[in-house]
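J.: Contents are mmCIF, C-alpha atoms, pLDDT in the B column; chains and numbers go by the auth columns; file name input-v8.cif:
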data_work
loop_
_atom_site.group_PDB
_atom_site.id
_atom_site.type_symbol
_atom_site.label_atom_id
_atom_site.label_comp_id
_atom_site.label_asym_id
_atom_site.label_seq_id
_atom_site.Cartn_x
_atom_site.Cartn_y
_atom_site.Cartn_z
_atom_site.B_iso_or_equiv
_atom_site.auth_seq_id
_atom_site.auth_asym_id
ATOM 1 C CA GLN A 1 24.332 21.788 15.276 77.00 494 A
ATOM 2 C CA GLY A 2 26.635 21.368 12.289 81.00 495 A
ATOM 3 C CA LYS A 3 25.245 17.947 11.297 82.00 496 A
ATOM 4 C CA THR A 4 25.039 18.679 7.576 82.00 497 A
ATOM 5 C CA TYR A 5 28.595 20.050 7.513 86.00 498 A
ATOM 6 C CA ALA A 6 29.879 16.971 9.377 89.00 499 A
ATOM 7 C CA ILE A 7 28.026 14.636 6.994 90.00 500 A
ATOM 8 C CA GLN A 8 29.483 16.460 3.985 91.00 501 A
ATOM 9 C CA SER A 9 32.979 15.931 5.421 92.00 502 A
ATOM 10 C CA PHE A 10 32.389 12.172 5.645 93.00 503 A
ATOM 11 C CA LEU A 11 30.764 12.017 2.210 93.00 504 A
ATOM 12 C CA MET A 12 33.616 13.883 0.545 93.00 505 A
ATOM 13 C CA GLU A 13 36.056 11.188 1.719 93.00 506 A
ATOM 14 C CA PHE A 14 33.736 8.364 0.616 93.00 507 A
ATOM 15 C CA ALA A 15 33.307 9.939 -2.826 92.00 508 A
ATOM 16 C CA LYS A 16 37.066 10.489 -3.206 90.00 509 A
ATOM 17 C CA ALA A 17 37.502 6.767 -2.428 91.00 510 A
ATOM 18 C CA GLY A 18 35.128 5.936 -5.297 91.00 511 A
ATOM 19 C CA ILE A 19 32.111 4.994 -3.134 92.00 512 A
ATOM 20 C CA PRO A 20 28.830 6.295 -4.633 92.00 513 A
ATOM 21 C CA ILE A 21 26.355 8.246 -2.510 94.00 514 A
ATOM 22 C CA ILE A 22 22.604 8.855 -2.595 94.00 515 A
ATOM 23 C CA ILE A 23 21.202 11.704 -0.497 94.00 516 A
ATOM 24 C CA PHE A 24 17.517 12.321 0.201 94.00 517 A
ATOM 25 C CA ASP A 25 17.297 16.077 0.799 91.00 518 A
ATOM 26 C CA TYR A 26 14.107 17.300 2.484 87.00 519 A
ATOM 27 C CA THR A 27 15.273 20.616 3.950 84.00 520 A
ATOM 28 C CA GLU A 28 17.516 22.208 1.260 85.00 521 A
ATOM 29 C CA GLY A 29 20.624 21.277 3.252 85.00 522 A
ATOM 30 C CA PHE A 30 22.221 19.732 0.159 90.00 523 A
ATOM 31 C CA THR A 31 21.179 22.227 -2.529 90.00 524 A
ATOM 32 C CA ASN A 32 23.999 23.758 -4.587 90.00 525 A
ATOM 33 C CA LYS A 33 23.576 26.984 -2.648 90.00 526 A
ATOM 34 C CA LYS A 34 24.031 25.234 0.731 89.00 527 A
ATOM 35 C CA LEU A 35 26.785 22.764 -0.189 91.00 528 A
ATOM 36 C CA ASN A 36 30.162 23.648 1.274 91.00 529 A
ATOM 37 C CA ASP A 37 32.584 25.286 -1.204 93.00 530 A
ATOM 38 C CA ILE A 38 35.336 22.760 -0.423 92.00 531 A
ATOM 39 C CA PHE A 39 32.884 19.892 -0.977 93.00 532 A
ATOM 40 C CA LYS A 40 31.891 21.295 -4.377 93.00 533 A
ATOM 41 C CA GLU A 41 35.497 22.022 -5.367 93.00 534 A
ATOM 42 C CA GLN A 42 36.772 18.547 -4.433 92.00 535 A
ATOM 43 C CA LEU A 43 33.879 16.743 -6.143 92.00 536 A
ATOM 44 C CA GLN A 44 33.472 18.976 -9.172 90.00 537 A
ATOM 45 C CA GLY A 45 31.598 17.160 -11.920 88.00 538 A
ATOM 46 C CA ARG A 46 30.515 14.337 -9.591 91.00 539 A
ATOM 47 C CA ILE A 47 27.513 15.994 -7.934 93.00 540 A
ATOM 48 C CA LYS A 48 24.131 15.425 -9.569 92.00 541 A
ATOM 49 C CA GLN A 49 20.938 17.127 -8.378 92.00 542 A
ATOM 50 C CA ASN A 50 17.714 15.223 -9.117 91.00 543 A
ATOM 51 C CA LEU A 51 14.710 17.523 -8.594 91.00 544 A
ATOM 52 C CA ILE A 52 11.739 15.173 -8.259 90.00 545 A
ATOM 53 C CA LYS A 53 9.180 17.913 -8.916 86.00 546 A
ATOM 54 C CA ILE A 54 10.627 18.305 -12.435 88.00 547 A
ATOM 55 C CA ASN A 55 12.251 14.944 -13.192 87.00 548 A
ATOM 56 C CA LYS A 56 9.829 12.237 -12.135 90.00 549 A
ATOM 57 C CA MET A 57 11.350 9.055 -10.715 91.00 550 A
ATOM 58 C CA PRO A 58 11.099 6.226 -13.292 93.00 551 A
ATOM 59 C CA ILE A 59 9.730 3.800 -10.704 93.00 552 A
ATOM 60 C CA ASN A 60 6.448 1.913 -10.483 95.00 553 A
ATOM 61 C CA PRO A 61 5.640 1.145 -6.813 95.00 554 A
ATOM 62 C CA PHE A 62 2.920 -1.283 -7.973 96.00 555 A
ATOM 63 C CA LEU A 63 5.476 -3.484 -9.756 93.00 556 A
ATOM 64 C CA CYS A 64 5.909 -7.061 -8.529 92.00 557 A
ATOM 65 C CA GLN A 65 9.643 -7.108 -7.884 89.00 558 A
ATOM 66 C CA LYS A 66 11.944 -9.906 -9.042 84.00 559 A
ATOM 67 C CA ILE A 67 13.256 -12.329 -6.410 76.00 560 A
ATOM 68 C CA ASN A 68 16.356 -14.532 -6.726 70.00 561 A
ATOM 69 C CA ILE A 69 14.914 -17.812 -5.458 61.00 562 A
ATOM 70 C CA ASN A 70 18.201 -19.575 -6.289 63.00 563 A
ATOM 71 C CA GLU A 71 19.614 -17.956 -3.160 62.00 564 A
ATOM 72 C CA ILE A 72 16.588 -18.937 -1.056 61.00 565 A
ATOM 73 C CA LEU A 73 15.810 -22.546 -1.994 57.00 566 A
ATOM 74 C CA ASP A 74 18.063 -25.608 -1.967 65.00 567 A
ATOM 75 C CA LYS A 75 19.233 -26.971 -5.304 66.00 568 A
ATOM 76 C CA GLU A 76 17.261 -30.207 -4.743 67.00 569 A
ATOM 77 C CA VAL A 77 14.026 -28.264 -4.233 61.00 570 A
ATOM 78 C CA LEU A 78 14.606 -26.176 -7.369 59.00 571 A
ATOM 79 C CA GLU A 79 15.201 -29.315 -9.456 62.00 572 A
ATOM 80 C CA GLU A 80 11.776 -30.647 -8.444 67.00 573 A
ATOM 81 C CA MET A 81 10.009 -27.454 -9.512 66.00 574 A
ATOM 82 C CA SER A 82 8.643 -26.903 -13.019 70.00 575 A
ATOM 83 C CA GLU A 83 9.711 -23.935 -15.150 67.00 576 A
ATOM 84 C CA GLU A 84 6.268 -22.386 -14.579 63.00 577 A
ATOM 85 C CA GLN A 85 6.604 -22.729 -10.799 58.00 578 A
ATOM 86 C CA ILE A 86 10.059 -21.145 -10.870 50.00 579 A
ATOM 87 C CA ARG A 87 8.762 -18.288 -13.028 59.00 580 A
ATOM 88 C CA ILE A 88 5.866 -17.602 -10.660 54.00 581 A
ATOM 89 C CA HIS A 89 7.989 -17.682 -7.517 57.00 582 A
ATOM 90 C CA SER A 90 10.740 -15.543 -9.047 73.00 583 A
ATOM 91 C CA ARG A 91 8.556 -12.477 -8.549 79.00 584 A
ATOM 92 C CA GLU A 92 6.524 -11.053 -5.705 88.00 585 A
ATOM 93 C CA ASP A 93 2.812 -11.697 -5.829 90.00 586 A
ATOM 94 C CA SER A 94 0.084 -9.052 -5.695 94.00 587 A
ATOM 95 C CA VAL A 95 -0.542 -9.792 -1.997 95.00 588 A
ATOM 96 C CA ALA A 96 3.016 -8.743 -1.050 93.00 589 A
ATOM 97 C CA VAL A 97 2.950 -5.556 -3.125 96.00 590 A
ATOM 98 C CA ALA A 98 -0.551 -4.527 -2.024 97.00 591 A
ATOM 99 C CA SER A 99 0.403 -5.122 1.625 96.00 592 A
ATOM 100 C CA ARG A 100 3.495 -2.940 1.245 95.00 593 A
ATOM 101 C CA MET A 101 1.569 -0.135 -0.468 96.00 594 A
ATOM 102 C CA ALA A 102 -1.161 -0.191 2.195 96.00 595 A
ATOM 103 C CA SER A 103 1.393 -0.257 5.015 94.00 596 A
ATOM 104 C CA ILE A 104 3.316 2.762 3.693 94.00 597 A
ATOM 105 C CA LEU A 105 0.259 4.881 2.907 95.00 598 A
ATOM 106 C CA CYS A 106 -1.370 4.070 6.258 94.00 599 A
ATOM 107 C CA HIS A 107 1.832 4.972 8.107 91.00 600 A
ATOM 108 C CA VAL A 108 2.159 8.339 6.390 92.00 601 A
ATOM 109 C CA TYR A 109 -1.510 9.330 6.373 94.00 602 A
ATOM 110 C CA THR A 110 -2.487 7.654 9.681 93.00 603 A
ATOM 111 C CA PHE A 111 -5.308 5.594 8.197 96.00 604 A
ATOM 112 C CA GLY A 112 -7.089 2.980 10.312 95.00 605 A
ATOM 113 C CA ASP A 113 -7.718 -0.732 9.719 96.00 606 A
ATOM 114 C CA GLN A 114 -10.705 -0.195 7.426 96.00 607 A
ATOM 115 C CA GLN A 115 -8.786 2.233 5.216 97.00 608 A
ATOM 116 C CA TYR A 116 -5.854 -0.233 5.171 97.00 609 A
ATOM 117 C CA ALA A 117 -8.183 -2.934 3.876 97.00 610 A
ATOM 118 C CA THR A 118 -9.560 -0.554 1.232 97.00 611 A
ATOM 119 C CA ILE A 119 -6.101 0.444 -0.046 98.00 612 A
ATOM 120 C CA TYR A 120 -4.986 -3.195 -0.013 97.00 613 A
ATOM 121 C CA GLN A 121 -8.057 -4.299 -1.979 97.00 614 A
ATOM 122 C CA ALA A 122 -7.680 -1.549 -4.609 97.00 615 A
ATOM 123 C CA CYS A 123 -3.952 -2.267 -5.058 97.00 616 A
ATOM 124 C CA LYS A 124 -4.342 -6.040 -5.267 97.00 617 A
ATOM 125 C CA SER A 125 -7.293 -5.849 -7.673 97.00 618 A
ATOM 126 C CA GLY A 126 -5.390 -3.415 -9.888 97.00 619 A
ATOM 127 C CA ILE A 127 -2.206 -5.498 -9.962 96.00 620 A
ATOM 128 C CA ASP A 128 -4.166 -8.681 -10.704 96.00 621 A
ATOM 129 C CA MET A 129 -6.073 -6.868 -13.461 96.00 622 A
ATOM 130 C CA TYR A 130 -3.369 -4.714 -15.081 96.00 623 A
ATOM 131 C CA GLY A 131 -0.113 -6.454 -14.134 93.00 624 A
ATOM 132 C CA ASP A 132 2.984 -4.330 -14.732 91.00 625 A
ATOM 133 C CA SER A 133 0.789 -1.586 -16.246 94.00 626 A
ATOM 134 C CA MET A 134 -0.871 -0.814 -12.907 96.00 627 A
ATOM 135 C CA ASN A 135 -0.365 2.838 -11.947 95.00 628 A
ATOM 136 C CA PHE A 136 -1.675 5.572 -9.655 96.00 629 A
ATOM 137 C CA GLU A 137 -4.430 6.718 -12.035 96.00 630 A
ATOM 138 C CA GLN A 138 -5.874 3.221 -12.153 97.00 631 A
ATOM 139 C CA PHE A 139 -5.522 3.075 -8.358 97.00 632 A
ATOM 140 C CA ARG A 140 -7.573 6.286 -8.134 97.00 633 A
ATOM 141 C CA LYS A 141 -10.270 4.892 -10.468 97.00 634 A
ATOM 142 C CA LEU A 142 -10.528 1.649 -8.494 97.00 635 A
ATOM 143 C CA LEU A 143 -11.028 3.604 -5.269 97.00 636 A
ATOM 144 C CA GLU A 144 -13.702 5.744 -6.953 97.00 637 A
ATOM 145 C CA GLU A 145 -15.495 2.627 -8.232 97.00 638 A
ATOM 146 C CA MET A 146 -15.618 1.176 -4.712 96.00 639 A
ATOM 147 C CA ASN A 147 -17.782 4.141 -3.704 92.00 640 A
ATOM 148 C CA THR A 148 -17.593 3.298 -0.001 95.00 641 A
ATOM 149 C CA LYS A 149 -17.129 5.600 2.966 96.00 642 A
ATOM 150 C CA GLU A 150 -13.615 4.218 3.521 96.00 643 A
ATOM 151 C CA ALA A 151 -12.626 4.642 -0.134 97.00 644 A
ATOM 152 C CA LYS A 152 -13.833 8.249 -0.104 96.00 645 A
ATOM 153 C CA THR A 153 -11.805 8.945 3.055 96.00 646 A
ATOM 154 C CA VAL A 154 -8.678 7.490 1.422 97.00 647 A
ATOM 155 C CA LEU A 155 -9.238 9.513 -1.759 96.00 648 A
ATOM 156 C CA ASN A 156 -9.764 12.753 0.152 96.00 649 A
ATOM 157 C CA LYS A 157 -6.360 12.445 1.802 95.00 650 A
ATOM 158 C CA LEU A 158 -4.473 11.014 -1.181 97.00 651 A
ATOM 159 C CA THR A 159 -5.801 13.326 -3.905 96.00 652 A
ATOM 160 C CA PRO A 160 -2.989 15.933 -3.560 95.00 653 A
ATOM 161 C CA PHE A 161 -0.379 13.152 -3.805 95.00 654 A
ATOM 162 C CA LEU A 162 -2.116 11.546 -6.789 95.00 655 A
ATOM 163 C CA ASP A 163 -2.505 14.923 -8.540 95.00 656 A
ATOM 164 C CA THR A 164 1.185 15.791 -8.086 92.00 657 A
ATOM 165 C CA ASN A 165 2.152 12.718 -10.147 91.00 658 A
ATOM 166 C CA LEU A 166 5.761 12.257 -8.999 93.00 659 A
ATOM 167 C CA PHE A 167 6.465 8.881 -10.649 93.00 660 A
ATOM 168 C CA ASP A 168 6.981 7.860 -14.255 91.00 661 A
ATOM 169 C CA THR A 169 5.468 4.399 -13.830 89.00 662 A
ATOM 170 C CA LYS A 170 6.228 3.466 -17.455 87.00 663 A
ATOM 171 C CA GLY A 171 9.936 4.066 -16.943 83.00 664 A
ATOM 172 C CA THR A 172 12.592 1.784 -15.487 83.00 665 A
ATOM 173 C CA MET A 173 15.143 3.062 -13.004 88.00 666 A
ATOM 174 C CA ASP A 174 18.744 2.258 -13.978 86.00 667 A
ATOM 175 C CA TRP A 175 20.199 1.889 -10.499 90.00 668 A
ATOM 176 C CA SER A 176 23.520 0.655 -11.904 87.00 669 A
ATOM 177 C CA GLU A 177 24.180 4.114 -13.353 85.00 670 A
ATOM 178 C CA MET A 178 23.587 5.717 -9.944 85.00 671 A
ATOM 179 C CA LEU A 179 25.058 3.100 -7.618 84.00 672 A
ATOM 180 C CA TYR A 180 28.128 1.928 -9.509 81.00 673 A
ATOM 181 C CA ASN A 181 29.468 5.105 -11.042 77.00 674 A
ATOM 182 C CA ASN A 182 32.764 5.698 -9.228 80.00 675 A
ATOM 183 C CA GLY A 183 31.972 8.054 -6.414 85.00 676 A
ATOM 184 C CA MET A 184 29.032 10.031 -7.833 91.00 677 A
ATOM 185 C CA VAL A 185 27.011 12.060 -5.331 94.00 678 A
ATOM 186 C CA ASN A 186 23.350 11.753 -6.341 94.00 679 A
ATOM 187 C CA ILE A 187 21.091 14.169 -4.487 94.00 680 A
ATOM 188 C CA ILE A 188 17.377 13.398 -4.663 94.00 681 A
ATOM 189 C CA GLN A 189 15.784 16.798 -4.079 93.00 682 A
ATOM 190 C CA LEU A 190 12.431 16.596 -2.319 91.00 683 A
ATOM 191 C CA THR A 191 12.420 20.164 -1.040 85.00 684 A
ATOM 192 C CA GLN A 192 9.538 21.470 -3.190 85.00 685 A
ATOM 193 C CA ILE A 193 6.891 18.949 -2.192 90.00 686 A
ATOM 194 C CA PRO A 194 4.903 18.626 1.081 91.00 687 A
ATOM 195 C CA ARG A 195 6.260 16.572 3.956 89.00 688 A
ATOM 196 C CA ASP A 196 3.834 13.668 3.598 90.00 689 A
ATOM 197 C CA MET A 197 4.741 13.285 -0.072 92.00 690 A
ATOM 198 C CA GLN A 198 8.460 13.431 0.761 91.00 691 A
ATOM 199 C CA ILE A 199 8.084 10.411 3.029 90.00 692 A
ATOM 200 C CA VAL A 200 5.955 8.423 0.563 92.00 693 A
ATOM 201 C CA VAL A 201 8.408 9.070 -2.281 93.00 694 A
ATOM 202 C CA THR A 202 11.369 8.113 -0.087 92.00 695 A
ATOM 203 C CA GLU A 203 9.724 4.846 0.945 92.00 696 A
ATOM 204 C CA PHE A 204 8.941 3.832 -2.641 94.00 697 A
ATOM 205 C CA ILE A 205 12.433 4.714 -3.869 94.00 698 A
ATOM 206 C CA LEU A 206 14.116 2.811 -1.011 93.00 699 A
ATOM 207 C CA TRP A 207 12.049 -0.316 -1.713 92.00 700 A
ATOM 208 C CA ASP A 208 12.962 -0.225 -5.412 93.00 701 A
ATOM 209 C CA MET A 209 16.629 0.290 -4.528 93.00 702 A
ATOM 210 C CA TRP A 210 16.464 -2.540 -1.981 91.00 703 A
ATOM 211 C CA TYR A 211 15.168 -5.079 -4.495 90.00 704 A
ATOM 212 C CA TYR A 212 17.764 -4.014 -7.075 90.00 705 A
ATOM 213 C CA SER A 213 20.471 -4.522 -4.444 90.00 706 A
ATOM 214 C CA LEU A 214 19.189 -8.008 -3.585 86.00 707 A
ATOM 215 C CA LEU A 215 19.518 -9.068 -7.229 85.00 708 A
ATOM 216 C CA HIS A 216 22.601 -7.142 -8.350 87.00 709 A
ATOM 217 C CA GLY A 217 24.399 -5.800 -5.289 86.00 710 A
ATOM 218 C CA GLU A 218 27.925 -6.845 -4.364 85.00 711 A
ATOM 219 C CA GLU A 219 29.480 -6.752 -0.903 86.00 712 A
ATOM 220 C CA SER A 220 32.693 -5.444 -2.443 87.00 713 A
ATOM 221 C CA LYS A 221 30.821 -2.479 -3.955 87.00 714 A
ATOM 222 C CA PRO A 222 29.043 -0.638 -1.134 89.00 715 A
ATOM 223 C CA PHE A 223 27.160 2.637 -1.523 91.00 716 A
ATOM 224 C CA ILE A 224 26.104 5.255 1.003 92.00 717 A
ATOM 225 C CA VAL A 225 22.511 6.404 1.588 93.00 718 A
ATOM 226 C CA VAL A 226 21.899 9.603 3.587 93.00 719 A
ATOM 227 C CA LEU A 227 18.388 10.051 4.987 88.00 720 A
ATOM 228 C CA ASP A 228 17.564 13.417 6.454 74.00 721 A
ATOM 229 C CA GLU A 229 15.257 13.057 9.489 70.00 722 A
ATOM 230 C CA ALA A 230 15.000 9.290 9.048 72.00 723 A
ATOM 231 C CA GLN A 231 12.852 8.953 12.183 72.00 724 A
ATOM 232 C CA ASN A 232 9.816 9.931 10.083 70.00 725 A
ATOM 233 C CA LEU A 233 10.053 6.805 7.926 72.00 726 A
ATOM 234 C CA ASP A 234 8.130 3.577 8.401 68.00 727 A
ATOM 235 C CA PHE A 235 10.230 0.951 10.189 67.00 728 A
ATOM 236 C CA GLY A 236 7.681 -1.812 9.758 65.00 729 A
ATOM 237 C CA GLU A 237 8.217 -5.081 7.879 60.00 730 A
#
Just give me the structure as C-alpha cells.

T.:
Amino acid sequence: QGKTYAIQSFLMEFAKAGIPIIIFDYTEGFTNKKLNDIFKEQLQGRIKQNLIKINKMPINPFLCQKININEILDKEVLEEMSEEQIRIHSREDSVAVASRMASILCHVYTFGDQQYATIYQACKSGIDMYGDSMNFEQFRKLLEEMNTKEAKTVLNKLTPFLDTNLFDTKGTMDWSEMLYNNGMVNIIQLTQIPRDMQIVVTEFILWDMWYYSLLHGEESKPFIVVLDEAQNLDFGE
C-alpha cells in the first residue's frame, strides 16, 4: 500500500538533483490525474507523458545493434583484424537478434520449442534479406509464406500485436534527449494496450536503451528506470 506515492517521493528528489527518470506505467499510477500535486508542482515543466498508443516508439526491434568491440578485444587483436572484420563484428548478427526476438515473444505468449524455431527462422531470414529495413509487416509475410502449422499458431496469437503497430521502425530513438536532459521525468504510458503488448513493448524498449547505454552511457551520469510490476518481464539472457 502506498508504493506509487513512496516512489514519487524518491523520484522527486532524484529529479531535483538533475537525474533523469524513465517510468513504464502499466496501471495509470503515473498519469497526470494520479500524480501527486506536490510532485507536479515541484517538477513543473519537467514531466513528459509519452502515450505509446498515439506516439509510436521510433525503435526497430529487428535492428542489429552496434557493439563497441574496442572495449571487448585487446589492442593487439584489433590490430590484426581487417577493416571489414572490424565492421562486421561491430554489430550484432542476425542470429543474436532473431534469438532475442524469439525469446521475448515465446516468454510473453508461452510458445513452445517448435514455435520458437519458427519465430527465429522468420526473424533471421527477414534480417538477412532486408537488413535494417526489416519490420513487423515483413515478419508477418514471412510467417504467412511458411504456411506451416507452427507458423499459423504464431500468427494467430501475434495478429493483435502486429495489427496494433506500436513501433515506428523507420525512426531512430534519440535516447540522449531523454536520458541526459537534466532531471526530466519521462513517463512511457502503456495503459491503453493489453497486458501482453505492454510486456513486449517494454522488453523491446529496454533492449534498445541497454545498447545505447553500452555505447554512450557514462558512470557519472546515471538515470533511473521505474518498472511497474517488473516480475512479469523476461529475466532470461

J.: Enumerate, as a JSON list (two decimals) with C-alpha atoms, keeping the file's coordinate frame, the residues matched when the PyMOL selection byres ((chain A and resi 682) around 7) is run on the file above.

T.:
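Output (result21.json):
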[["chain", "number", "residue", "atom", "x", "y", "z"],
["A", 517, "PHE", "CA", 17.52, 12.32, 0.20],
["A", 518, "ASP", "CA", 17.30, 16.08, 0.80],
["A", 519, "TYR", "CA", 14.11, 17.30, 2.48],
["A", 542, "GLN", "CA", 20.94, 17.13, -8.38],
["A", 543, "ASN", "CA", 17.71, 15.22, -9.12],
["A", 544, "LEU", "CA", 14.71, 17.52, -8.59],
["A", 545, "ILE", "CA", 11.74, 15.17, -8.26],
["A", 680, "ILE", "CA", 21.09, 14.17, -4.49],
["A", 681, "ILE", "CA", 17.38, 13.40, -4.66],
["A", 683, "LEU", "CA", 12.43, 16.60, -2.32],
["A", 684, "THR", "CA", 12.42, 20.16, -1.04]]

J.: Considering only C-alpha atoms, can you say which of A:Ile516, A:Ala615, A:Leu708, A:Val601 comes closest to Glu637 of chain A?

T.: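 Once distances to Glu637 of chain A are computed over only C-alpha atoms, the minimum belongs to A:Ala615.
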
J.: What separation in Å, quoted to one decimal, exists between atom CA of Lys496 of chain A and atom CA of Gly710 of chain A?

T.: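 Distance between the two atoms: 29.0 Å.
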
J.: Might you pull out every residue within 12 Å of Trp703 of chain A, with all atoms listed in the file counted and same-chain residues fewer than 4 positions away left off, and present them as a PDB file with C-alpha atoms, in the coordinates of the input?

T.:
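Saved the output as out-v9.pdb:
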ATOM      1  CA  GLN A 558       9.643  -7.108  -7.884  1.00 89.00           C
ATOM      2  CA  LYS A 559      11.944  -9.906  -9.042  1.00 84.00           C
ATOM      3  CA  ILE A 560      13.256 -12.329  -6.410  1.00 76.00           C
ATOM      4  CA  TRP A 668      20.199   1.889 -10.499  1.00 90.00           C
ATOM      5  CA  LEU A 672      25.058   3.100  -7.618  1.00 84.00           C
ATOM      6  CA  THR A 695      11.369   8.113  -0.087  1.00 92.00           C
ATOM      7  CA  GLU A 696       9.724   4.846   0.945  1.00 92.00           C
ATOM      8  CA  PHE A 697       8.941   3.832  -2.641  1.00 94.00           C
ATOM      9  CA  ILE A 698      12.433   4.714  -3.869  1.00 94.00           C
ATOM     10  CA  LEU A 699      14.116   2.811  -1.011  1.00 93.00           C
ATOM     11  CA  LEU A 707      19.189  -8.008  -3.585  1.00 86.00           C
ATOM     12  CA  LEU A 708      19.518  -9.068  -7.229  1.00 85.00           C
ATOM     13  CA  HIS A 709      22.601  -7.142  -8.350  1.00 87.00           C
ATOM     14  CA  GLY A 710      24.399  -5.800  -5.289  1.00 86.00           C
ATOM     15  CA  PHE A 716      27.160   2.637  -1.523  1.00 91.00           C
ATOM     16  CA  VAL A 718      22.511   6.404   1.588  1.00 93.00           C
TER      17      VAL A 718
END

J.: Rank nothing, just name the residue among A:Lys533, A:Lys650, A:Lys526, A:Arg539 nearest to Ile514 of chain A, using all atoms listed in the file.

T.: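 Ranked by minimum distance to Ile514 of chain A, first place goes to A:Arg539.
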
J.: Calculate how many Å separate atom CA of Tyr609 of chain A from atom CA of Ala644 of chain A, rounding to one decimal.

T.: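 Atom-to-atom, atom CA of Tyr609 of chain A and atom CA of Ala644 of chain A are spaced 9.9 Å apart.
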
J.: Would you be able to write out as a PyMOL selection string which residues have an atom within 10 Å of (4.9, 5.8, -16.0) in the file's coordinates, counting all atoms listed in the file?

T.: chain A and resi 549-553+626-629+658-665

J.: Considering only C-alpha atoms, state which residue in the set A:Ala595, A:Ala589, A:Met677, A:Ile540 is at the smallest distance from Val647 of chain A.

T.: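 Between A:Ala595, A:Ala589, A:Met677, A:Ile540, the residue approaching Val647 of chain A most closely is A:Ala595.
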
J.: Which distance in Å separates atom CA of Val678 of chain A and atom CA of Cys557 of chain A, to one decimal?

T.: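 Between these atoms lies a distance of 28.7 Å.
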
J.: As a ChimeraX atom specification, please: the residues near Lys714 of chain A (cut-off 10 Å, only C-alpha atoms, same-chain neighbours under 2 positions excluded).

T.: /A:511-513,672-673,675,710-712,716
